[in-house]
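Student: Have a look at the structure that comes next, please.
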Number of protein chains: 2
Amino acid sequence: MIQITLDDVAKISGFSKSTVSRALRNEDKYVNPCTKKRVEEAARKLGYTPNAVARSLRSRKTTSIGVTIADICNPFFPSVVRGIEDTARKKGYNIILCNTDEKYEREKEALETLIQKRVDGLLIAPVQKKFDDLLELQRQKIPFVLIGRHFDPFETNHVISDDVKGAFIAIEYLIKKGHKKIFMINGPSYISSARERMMGYKKALAENSIKFDVRLLKEGALKMEDGYRTIKKAILSKLNFTAVFAYSDLVAFGVIKGLKGQGYKVPEEIAVVGYDNIDFGFSAELPLTTVHIPKYELGSEGMKLLHRRIDGKVNKLQKIVLDVELIIRESA
Amino acid sequence: MIQITLDDVAKISGFSKSTVSRALRNEDKYVNPCTKKRVEEAARKLGYTPNAVARSLRSRKTTSIGVTIADICNPFFPSVVRGIEDTARKKGYNIILCNTDEKYEREKEALETLIQKRVDGLLIAPVQKKFDDLLELQRQKIPFVLIGRHFDPFETNHVISDDVKGAFIAIEYLIKKGHKKIFMINGPSYISSARERMMGYKKALAENSIKFDVRLLKEGALKMEDGYRTIKKAILSKLNFTAVFAYSDLVAFGVIKGLKGQGYKVPEEIAVVGYDNIDFGFSAELPLTTVHIPKYELGSEGMKLLHRRIDGKVNKLQKIVLDVELIIRESA
DNA sequence: TTGTAGGCGTTATCAA
DNA sequence: TTGATAACGCCTACAA
C-alpha cells in the first residue's frame, strides 16, 4: 500500500509542502482561508492521512502517555485508568497501558520501552521495591507523575490519597463501636500506603488510649488469598481480636471468606473493614464497610498534573493528596 | 536535553552508523562479535536510548497495537484487555487503549487517531451502530481483529464466543427447572451477541415446545440501571414470568435489585440468569447463575490472530468462536 | 501569506 | 563484515 504524503497533496493542490502542512494543521494565522479550502479538498480527494510518526520525529512530541499499573484486573485500577484516559483524550493524548503485576523488573522494562517510544510523559503506580528506574526518568528529564503511592526521601510529583486519615477514620469507627483488639492485615511495608495506614492505625489507637500490640499486625497482604490465608492462620493460632482492618477490599473479601469458613459470623462476632471501595463491593455477599479512595480522580488529577508538567507550566514539585471517606455498610 | 544518537555512538566507537545500528539490534549474522561488544560499550557509556519514533518512521513498524473497547470500568473488559496486553507484550507490542462508551463517533475518532499513529494493527470491540470506520481500515489495509462481536454480511477476522449456545444452555437449564415463562432482557439488537442470543433463546424454547411470546422480550439493556428499570416496568405492568434471562451480569444485578425492591424473592419466586461471568459475580449478594465467557482468551486469541495477520502469515479470513459454559450458582 | 531547504534519528540498499 | 548514501514524512526556520 502506498502512502499518500504531504508531497502528493502539495502537487495536486498546487501549493508547497509547507503551506499544505500549515493549512492542514489549522495554523490559521498564517494561511489564506481560500488556500486552506483548496488544500483540504485536495487532501480529502487523495484520502490523505497524516503520518503521526513522522510528525513526532520532527516535532519531538508523540501525544502519547505511558501508564503503568499493577494489574487492570485488580478492581482498583479500571476507574483510575478511566480517569486518566478521559482526561488524556480531552487534551489530545493517547495512553499506552502496561501491567507490572507488582514486579519491579516488569515496571523497569515497561518504562524502558516507553522511553524509547518517546512518550510525552508517564503516569506510574509504582511497584516501590526499588526506584532506580524512576531516577533514570528524572535523569532523562521525562515528565512523570506517581499515582496512589509515593516515595519518602525521593521527591516526585504525585497524586495520592490520604492514607493516614483513611486508616484513622476506619479504626476510630471500630473503636467507637467498642472494639479494642483490632487486627490489621496490612500491605507490604515497602508500599507507602501501607506504612501510612499503619501510622493512622497507631494514631487512632493512641488517641483512644489503646496500647499497640504487635501480634495484631500482619504485613504483606495484597490479594484475596493473602487475606484468606492470614486470617485462617490467626484463628488457628488463637489470636484474640474482634475486628479486622484489611489493606484492601480484596483482602477483606478473603478475610470474610476465611472467617465464615471457620464458623464466625461477620460482623456479629468479628467486624471487617476494607479499603478502596471498589465497584460492586456494595453488592457483595456482605456489603463491605470500607474507606473510599477517589480512584477516578486519582487518574484524572494525575493526568492534569502531568499535562501541566509537559507543558512546562509548572516546574516546582506538586504533591496532591486527595481526601478519603469512610463508607459504612454491613461488614462492620 | 540533548538526544544521544546513533551518530554519537558511531563516533565514539569508531564504527559507522550502519554498523552500530546493526550491532545494537542484534543482527548477529552480519556483525563481528568483537565489534558488537565495543559498540555496546560505547552505547552504554553514552547512555544511548534508541529512538523508536525514528525507527518506526524508517521501518514502517511501530510495535504498537490499538485497542478500542466500550469502557474499562465495565467488569467485562479488564480480563479481555489483560489477555491482549499479556500476549502483546510477549510478542513485543504495546497497546494503546481507547474507551468508546458504545458511541460510534468515539470509535471512529479513536480509529482515526490510531491510524495516524500508524499502529501495526487493531483489536476492536466494535460499537456496531455503523461500520464505515472499519471499512476504512480495510481500505487502508490495516490489519484488525474484532473481539466479542462481529458483523453479518461484512466479513472480518474476529474472535467471539458462542452466543447462540450460551443463550441456549441457559434457557434449557431454566426450562428443565420448570420455567416456561422466561423473560429475556436482551441487549440492543444492533449488537451481534444480542441477536445471536435471541436465536439461542428461541431455539431452546422451540426444542421444548414452548411458544415464543413477544411480550417476554425486551431489548436495549446494557447497564445495571437498564435491568433495574426494565424489570420494574415489567412488574408494574403485571407481566407474567417466573424467570429472567439478562443480557449481562450487570443487567442481572439491576434486575435482582429491582425484584427485591418489589418484594420478590430470588430465586424462589423469580429466577435470574446473567451472562459474562464477571469477576466477583461469585461473591455477589446473591451469587449469580450465569454463562461464562472466556474473557482473557477473547483478548489473547484476538491478539494472536492479529499477530498472524500482521506477520502476513494468514491472509484468508479467520473466525474464531470460543466455547461458553453455564455456571450454576444461586440466582437460578 | 507562501515557498525553499534542511534535518529529526533511524534503517535499507548497495557497494566495498 | 563494514561503510556510504539515501530515504521515511513531516515541521521549522528563514527567505521571498
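In the C-alpha cells, chains take the letters A, B, ... in the order shown, each chain's residues start at 1, and ligands count up from 1 in the order shown.
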Kindly determine which residues of chain C lie within 10 Å of chain B, considering only C-alpha atoms (C1' of nucleotides), and give the answer as a ChimeraX atom specification.
Tutor: /C:8-12
Student: Using only C-alpha atoms (C1' of nucleotides), which residues sit within 12 Å of C:DT4 once same-chain residues fewer than 4 positions away are excluded, as an MDAnalysis selection string?
Tutor: (chainID A and resid 16:19) or (chainID D and resid 12:16)
Student: When the cut-off is 8 Å and we count only C-alpha atoms, which residues of chain A are near chain B, given as number ranges by chain?
Tutor: A: 1, 49-54, 56-57, 71-73, 78-79, 81-82, 85, 94-99, 115-118, 140-141, 280, 283-287
Student: Include C-alpha atoms and write out the residues we just selected as a short mmCIF file (atom, residue, chain, number, x, y, z; two decimals), in the first residue's frame.
Tutor:
```cif
data_model
loop_
_atom_site.label_atom_id
_atom_site.label_comp_id
_atom_site.auth_asym_id
_atom_site.auth_seq_id
_atom_site.Cartn_x
_atom_site.Cartn_y
_atom_site.Cartn_z
CA MET A 1 0.00 0.00 0.00
CA THR A 49 -3.86 10.56 6.37
CA PRO A 50 -1.19 12.47 8.26
CA ASN A 51 1.66 10.32 9.48
CA ALA A 52 1.93 10.96 13.19
CA VAL A 53 5.21 9.06 13.37
CA ALA A 54 6.93 11.45 11.01
CA SER A 56 6.55 13.11 16.10
CA LEU A 57 10.06 12.66 14.88
CA ASP A 71 -2.96 -5.14 37.03
CA ILE A 72 -6.03 -3.88 35.24
CA CYS A 73 -7.89 -6.90 36.61
CA PRO A 78 -10.15 0.38 35.98
CA SER A 79 -11.51 3.63 37.42
CA VAL A 81 -7.25 4.24 34.13
CA ARG A 82 -10.58 5.58 33.02
CA GLU A 85 -7.87 8.18 29.61
CA ASN A 94 -3.46 8.56 23.96
CA ILE A 95 -2.40 6.17 26.66
CA ILE A 96 -0.14 3.18 26.36
CA LEU A 97 -1.08 0.77 29.12
CA CYS A 98 1.32 -1.63 30.84
CA ASN A 99 0.65 -4.11 33.66
CA ILE A 115 11.08 5.96 26.95
CA GLN A 116 12.21 4.55 23.62
CA LYS A 117 8.80 5.24 22.20
CA ARG A 118 9.31 8.79 23.37
CA GLN A 140 16.41 11.96 31.15
CA LYS A 141 14.07 14.75 32.18
CA PHE A 280 -19.53 -3.90 43.28
CA SER A 283 -23.36 -5.70 46.05
CA ALA A 284 -21.06 -8.18 47.70
CA GLU A 285 -22.45 -11.07 49.65
CA LEU A 286 -21.83 -8.94 52.69
CA PRO A 287 -21.76 -5.27 51.69
#
```
Student: Check every residue of chain D for an atom within 7 Å of chain A, counting only C-alpha atoms (C1' of nucleotides), and provide those that qualify as an MDAnalysis selection string.
Tutor: chainID D and resid 9:11
Student: Among the residues of stretch 227-282 of chain A, find those DSSP assigns to alpha helix (DSSP H) from the backbone and print them as number ranges by chain.
Tutor: A: 227-236, 249-261
Student: Restricting it to C-alpha atoms, dump the selection as a JSON list (two decimals), in the first residue's frame.
Tutor:
```json
[["chain", "number", "residue", "atom", "x", "y", "z"],
["A", 227, "GLY", "CA", -6.42, -12.25, 53.39],
["A", 228, "TYR", "CA", -7.84, -15.73, 53.46],
["A", 229, "ARG", "CA", -4.60, -17.36, 54.48],
["A", 230, "THR", "CA", -3.68, -14.79, 57.08],
["A", 231, "ILE", "CA", -7.00, -14.83, 58.87],
["A", 232, "LYS", "CA", -7.10, -18.60, 58.90],
["A", 233, "LYS", "CA", -3.68, -18.78, 60.46],
["A", 234, "ALA", "CA", -4.59, -16.14, 63.02],
["A", 235, "ILE", "CA", -7.65, -18.01, 64.10],
["A", 236, "LEU", "CA", -5.91, -21.35, 64.30],
["A", 249, "ASP", "CA", -11.41, -4.71, 49.78],
["A", 250, "LEU", "CA", -9.94, -7.70, 48.01],
["A", 251, "VAL", "CA", -8.07, -8.74, 51.13],
["A", 252, "ALA", "CA", -11.23, -8.08, 53.13],
["A", 253, "PHE", "CA", -13.17, -10.46, 50.91],
["A", 254, "GLY", "CA", -10.60, -13.12, 51.62],
["A", 255, "VAL", "CA", -10.82, -12.40, 55.31],
["A", 256, "ILE", "CA", -14.60, -12.71, 55.33],
["A", 257, "LYS", "CA", -14.41, -15.92, 53.41],
["A", 258, "GLY", "CA", -11.88, -17.30, 55.87],
["A", 259, "LEU", "CA", -13.89, -16.14, 58.85],
["A", 260, "LYS", "CA", -17.04, -17.76, 57.57],
["A", 261, "GLY", "CA", -15.14, -20.89, 56.78]]
```
